[in-house]
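In what follows, a single structure is set out as structure tokens and then discussed.
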Amino acid sequence: MNCTTHSVFNQPRPLSNSNLFLSDTPLREAVAREGAQWDAERLASVGQQLGGSESLESGRLANAFPPELLRYDARGERLDEVRFHPAWHLLMHGLCANRLHNLPWQIDPPAAAMVARAARFILHAQVEAGTLCPLTMTFGAIPLLRQHLPTLFSDWLTPLLSDRYDPHQQPAEQKRGLLIGMGMTEKQGGTDVLSNTTRAEPLTTRGPGEAYRLTGHKWFFSVPQSDAHLVLAQTQQGISCFFLPRLLPDGTRNAIIIERLKDKLGNRANASAEVEFREAIGWLIGEEGDGVRHIMQMGSFTRVDCALGSHGQMRRALSVALFHAHQRQVMGKNLVDQPLMRQVLGRQALQLEAQTALLMQLAHRFDASSTAWCRLFTPVVKFAICKAGIPFVAEAMEVLGGIGYCEESELPRLYREMPVNSIWEGSGNVMCLDVLRVLRKQPALQEMLDAEFAELKGVNRHFDRRWRQLQRRLPRLQESDAREVTGDLYALAATAQVLRVGSPPLADAYAQMSLDARGQKSLPPALVDRLLLRACGG
């Protein structure tokens, strides 16, 4: 019997054993440049473990077998618990061990802790993004809770700062690690949290740290299995923030009823719920009426994580495409040797060079407490990078062709995952309006930008031209301009950082690609060679 028609050849092996850190030269350089070289050895170890077949299979399994809602036990008692596949728990153990939820908040944090954490976050995002949600919520909550945690729960800080993952539904004092979720969105309001209808009435006394009874609902209740949530509710003084534990101090269940888990496009390993509060008990964080400010403090960190997560997934998509292109032959040559394909892959590599440089600079600015810069560029970076992820992964799918569209490849899961970061923590318009609000409220920011960009004057004509154009627009900004202005700010900031740290050919090519409105030129072949080598760890 002739079986030659069933012989498999010219079909590339999947990318299943690589070091996610050592293969990423731009990331390695940025970690060293921004002060976290002390973490390089651990990052290399984490990169090796995450790039292995076992971790990648855990990511696949966690999505193939999404969480289940258990409403009742065998006796008919209400449970409202969420059951996860063992792969989810395995990934969560690794995330907590690497302190993605608390590294910068340690009592004696290491230097450039934000930079080290950002690099670790990018590596984990390449394996499974849904597991990052519990960690980023907890990460954003800890600084707020350090200031305002009700006295009754003061012993929570120790397990919140541990490196342990403890999924058991037990009182906090019996657990080795704790996680915090968030609940803002309601059916009628979405982003407009001022229209929330959930009410909070004091059990006895009003004021910070006091117990209130909450009645209402949340349309999106992130990570319902968390030990506690920060939620918004209406009080006499307006929208206020509450600490809502899953179990009350006496060990009984709080009156949080899980109606269902969301059936989402992607992010399927992670549980998102609809819940009702039937006189649930929460403790006031800060003053009544100050809830939005408190949640925004948390959101400044979770927004950065959205950008880091999208970047990590984009990096994985490029890695998969490059690995495929090095093996697949067309017309007698490997795809990676075809001039047009090299241009596609080179442009993707160049895009990630700039993203890496700017994201790690942003992490460094958080370490340095550059409040005004971070306040402006956090929504800028979140908007631009999260938006860029969807077409980026689609382009990577085209490199693989038909197999890239099939579930045997990682890319369909990455593609489904990409839109969520554009939506969570404020959609694109919300980010752009936030940028507009910051620019209008803080006129001194233009002076900061002037100082930032003045040192680069004359280095690149595309950069100079775009900055002059934006300077003329800033004093008369209109709401309809918000997206364009935010995009310009991202392009300028990314270009500025590449001009500072990149080689002149690379920096000039990125400036032309991102800032020249007259169209894109082909990248010089020698630069493409260098970009693809760097994207593979060279």
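Here, A, B, ... name the chains of the structure tokens in the order displayed, residue numbers run from 1 inside each chain, and ligands are numbered from 1 in the same displayed order.
Close contacts of Ser154 in chain A, defined as residues with an atom at most 10 Å away when counting only C-alpha atoms, with chain neighbours fewer than 6 positions off set aside, comprise Leu145, Arg146 and His148 of chain A.
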Range 348-359 of chain A environment, 7 Å, only C-alpha atoms, sequence neighbours closer than 6 positions dropped, as a list in words:
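Residues meeting the cut-off are Pro26, Leu27, Ala30, Ala494, Gln497, Val498, Tyr510, Leu531, Leu532 and Ala535 of chain A.
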Output for the residues just chosen: all heavy atoms as a PDB file, in the first residue's frame:
```
ATOM      1  N   PRO A  26      15.160  42.632  23.309  1.00  0.00           N
ATOM      2  CA  PRO A  26      14.694  43.945  23.771  1.00  0.00           C
ATOM      3  C   PRO A  26      14.262  43.941  25.237  1.00  0.00           C
ATOM      4  O   PRO A  26      14.524  44.908  25.961  1.00  0.00           O
ATOM      5  CB  PRO A  26      13.514  44.248  22.836  1.00  0.00           C
ATOM      6  CG  PRO A  26      13.806  43.467  21.596  1.00  0.00           C
ATOM      7  CD  PRO A  26      14.460  42.209  22.073  1.00  0.00           C
ATOM      8  N   LEU A  27      13.613  42.870  25.685  1.00  0.00           N
ATOM      9  CA  LEU A  27      13.189  42.804  27.082  1.00  0.00           C
ATOM     10  C   LEU A  27      14.398  42.675  28.010  1.00  0.00           C
ATOM     11  O   LEU A  27      14.461  43.339  29.054  1.00  0.00           O
ATOM     12  CB  LEU A  27      12.227  41.636  27.289  1.00  0.00           C
ATOM     13  CG  LEU A  27      11.669  41.480  28.710  1.00  0.00           C
ATOM     14  CD1 LEU A  27      10.898  42.724  29.138  1.00  0.00           C
ATOM     15  CD2 LEU A  27      10.775  40.244  28.807  1.00  0.00           C
ATOM     16  N   ALA A  30      15.991  46.051  28.311  1.00  0.00           N
ATOM     17  CA  ALA A  30      15.182  47.006  29.067  1.00  0.00           C
ATOM     18  C   ALA A  30      15.232  46.715  30.564  1.00  0.00           C
ATOM     19  O   ALA A  30      15.276  47.646  31.384  1.00  0.00           O
ATOM     20  CB  ALA A  30      13.738  46.978  28.568  1.00  0.00           C
ATOM     21  N   ALA A 494       6.750  56.708  22.508  1.00  0.00           N
ATOM     22  CA  ALA A 494       7.450  55.487  22.102  1.00  0.00           C
ATOM     23  C   ALA A 494       8.662  55.823  21.240  1.00  0.00           C
ATOM     24  O   ALA A 494       9.755  55.275  21.423  1.00  0.00           O
ATOM     25  CB  ALA A 494       6.495  54.556  21.352  1.00  0.00           C
ATOM     26  N   GLN A 497      11.523  57.267  23.340  1.00  0.00           N
ATOM     27  CA  GLN A 497      12.288  56.275  24.078  1.00  0.00           C
ATOM     28  C   GLN A 497      13.187  55.451  23.159  1.00  0.00           C
ATOM     29  O   GLN A 497      14.329  55.147  23.509  1.00  0.00           O
ATOM     30  CB  GLN A 497      11.332  55.358  24.864  1.00  0.00           C
ATOM     31  CG  GLN A 497      12.005  54.351  25.774  1.00  0.00           C
ATOM     32  CD  GLN A 497      12.829  54.973  26.895  1.00  0.00           C
ATOM     33  OE1 GLN A 497      12.940  56.200  27.005  1.00  0.00           O
ATOM     34  NE2 GLN A 497      13.436  54.126  27.707  1.00  0.00           N
ATOM     35  N   VAL A 498      12.694  55.134  21.972  1.00  0.00           N
ATOM     36  CA  VAL A 498      13.523  54.386  21.021  1.00  0.00           C
ATOM     37  C   VAL A 498      14.694  55.246  20.552  1.00  0.00           C
ATOM     38  O   VAL A 498      15.818  54.748  20.379  1.00  0.00           O
ATOM     39  CB  VAL A 498      12.681  53.889  19.832  1.00  0.00           C
ATOM     40  CG1 VAL A 498      13.558  53.254  18.776  1.00  0.00           C
ATOM     41  CG2 VAL A 498      11.640  52.879  20.307  1.00  0.00           C
ATOM     42  N   TYR A 510      11.780  53.281  13.170  1.00  0.00           N
ATOM     43  CA  TYR A 510      10.543  53.324  13.948  1.00  0.00           C
ATOM     44  C   TYR A 510       9.884  54.691  13.834  1.00  0.00           C
ATOM     45  O   TYR A 510       8.647  54.795  13.714  1.00  0.00           O
ATOM     46  CB  TYR A 510      10.795  52.982  15.412  1.00  0.00           C
ATOM     47  CG  TYR A 510       9.498  52.966  16.186  1.00  0.00           C
ATOM     48  CD1 TYR A 510       8.610  51.900  16.055  1.00  0.00           C
ATOM     49  CD2 TYR A 510       9.120  54.047  16.974  1.00  0.00           C
ATOM     50  CE1 TYR A 510       7.379  51.910  16.716  1.00  0.00           C
ATOM     51  CE2 TYR A 510       7.906  54.061  17.640  1.00  0.00           C
ATOM     52  CZ  TYR A 510       7.035  52.987  17.503  1.00  0.00           C
ATOM     53  OH  TYR A 510       5.818  53.008  18.145  1.00  0.00           O
ATOM     54  N   LEU A 531      16.698  43.062  13.386  1.00  0.00           N
ATOM     55  CA  LEU A 531      15.461  42.968  14.166  1.00  0.00           C
ATOM     56  C   LEU A 531      15.057  41.520  14.406  1.00  0.00           C
ATOM     57  O   LEU A 531      14.673  41.141  15.522  1.00  0.00           O
ATOM     58  CB  LEU A 531      14.335  43.707  13.444  1.00  0.00           C
ATOM     59  CG  LEU A 531      14.390  45.241  13.473  1.00  0.00           C
ATOM     60  CD1 LEU A 531      13.420  45.826  12.448  1.00  0.00           C
ATOM     61  CD2 LEU A 531      14.061  45.762  14.868  1.00  0.00           C
ATOM     62  N   LEU A 532      15.124  40.705  13.373  1.00  0.00           N
ATOM     63  CA  LEU A 532      14.712  39.308  13.526  1.00  0.00           C
ATOM     64  C   LEU A 532      15.691  38.541  14.404  1.00  0.00           C
ATOM     65  O   LEU A 532      15.279  37.642  15.156  1.00  0.00           O
ATOM     66  CB  LEU A 532      14.574  38.650  12.156  1.00  0.00           C
ATOM     67  CG  LEU A 532      13.512  39.245  11.239  1.00  0.00           C
ATOM     68  CD1 LEU A 532      13.342  38.399   9.977  1.00  0.00           C
ATOM     69  CD2 LEU A 532      12.175  39.396  11.952  1.00  0.00           C
ATOM     70  N   ALA A 535      14.790  39.511  17.914  1.00  0.00           N
ATOM     71  CA  ALA A 535      13.517  38.894  18.301  1.00  0.00           C
ATOM     72  C   ALA A 535      13.672  37.421  18.637  1.00  0.00           C
ATOM     73  O   ALA A 535      12.794  36.833  19.268  1.00  0.00           O
ATOM     74  CB  ALA A 535      12.491  39.064  17.179  1.00  0.00           C
TER      75      ALA A 535
END
```
At a cut-off of 12 Å, using only C-alpha atoms, what residues contact range 256-260 of chain A? Leave out same-chain residues fewer than 5 positions from it and give the result as a VMD selection string.
chain A and resid 67 to 72 78 to 82 183 213 to 226 228 to 229 231 244 to 248 271 to 282
So, counting only C-alpha atoms, which residue among A:Arg60, A:Arg328, A:Arg206, A:Lys382 is closest to Arg13 in chain A?
A:Arg328
Record the distance separating CA of Val330 in chain A and CA of Leu414 in chain A, expressed in Å with one decimal.
25.7 Å
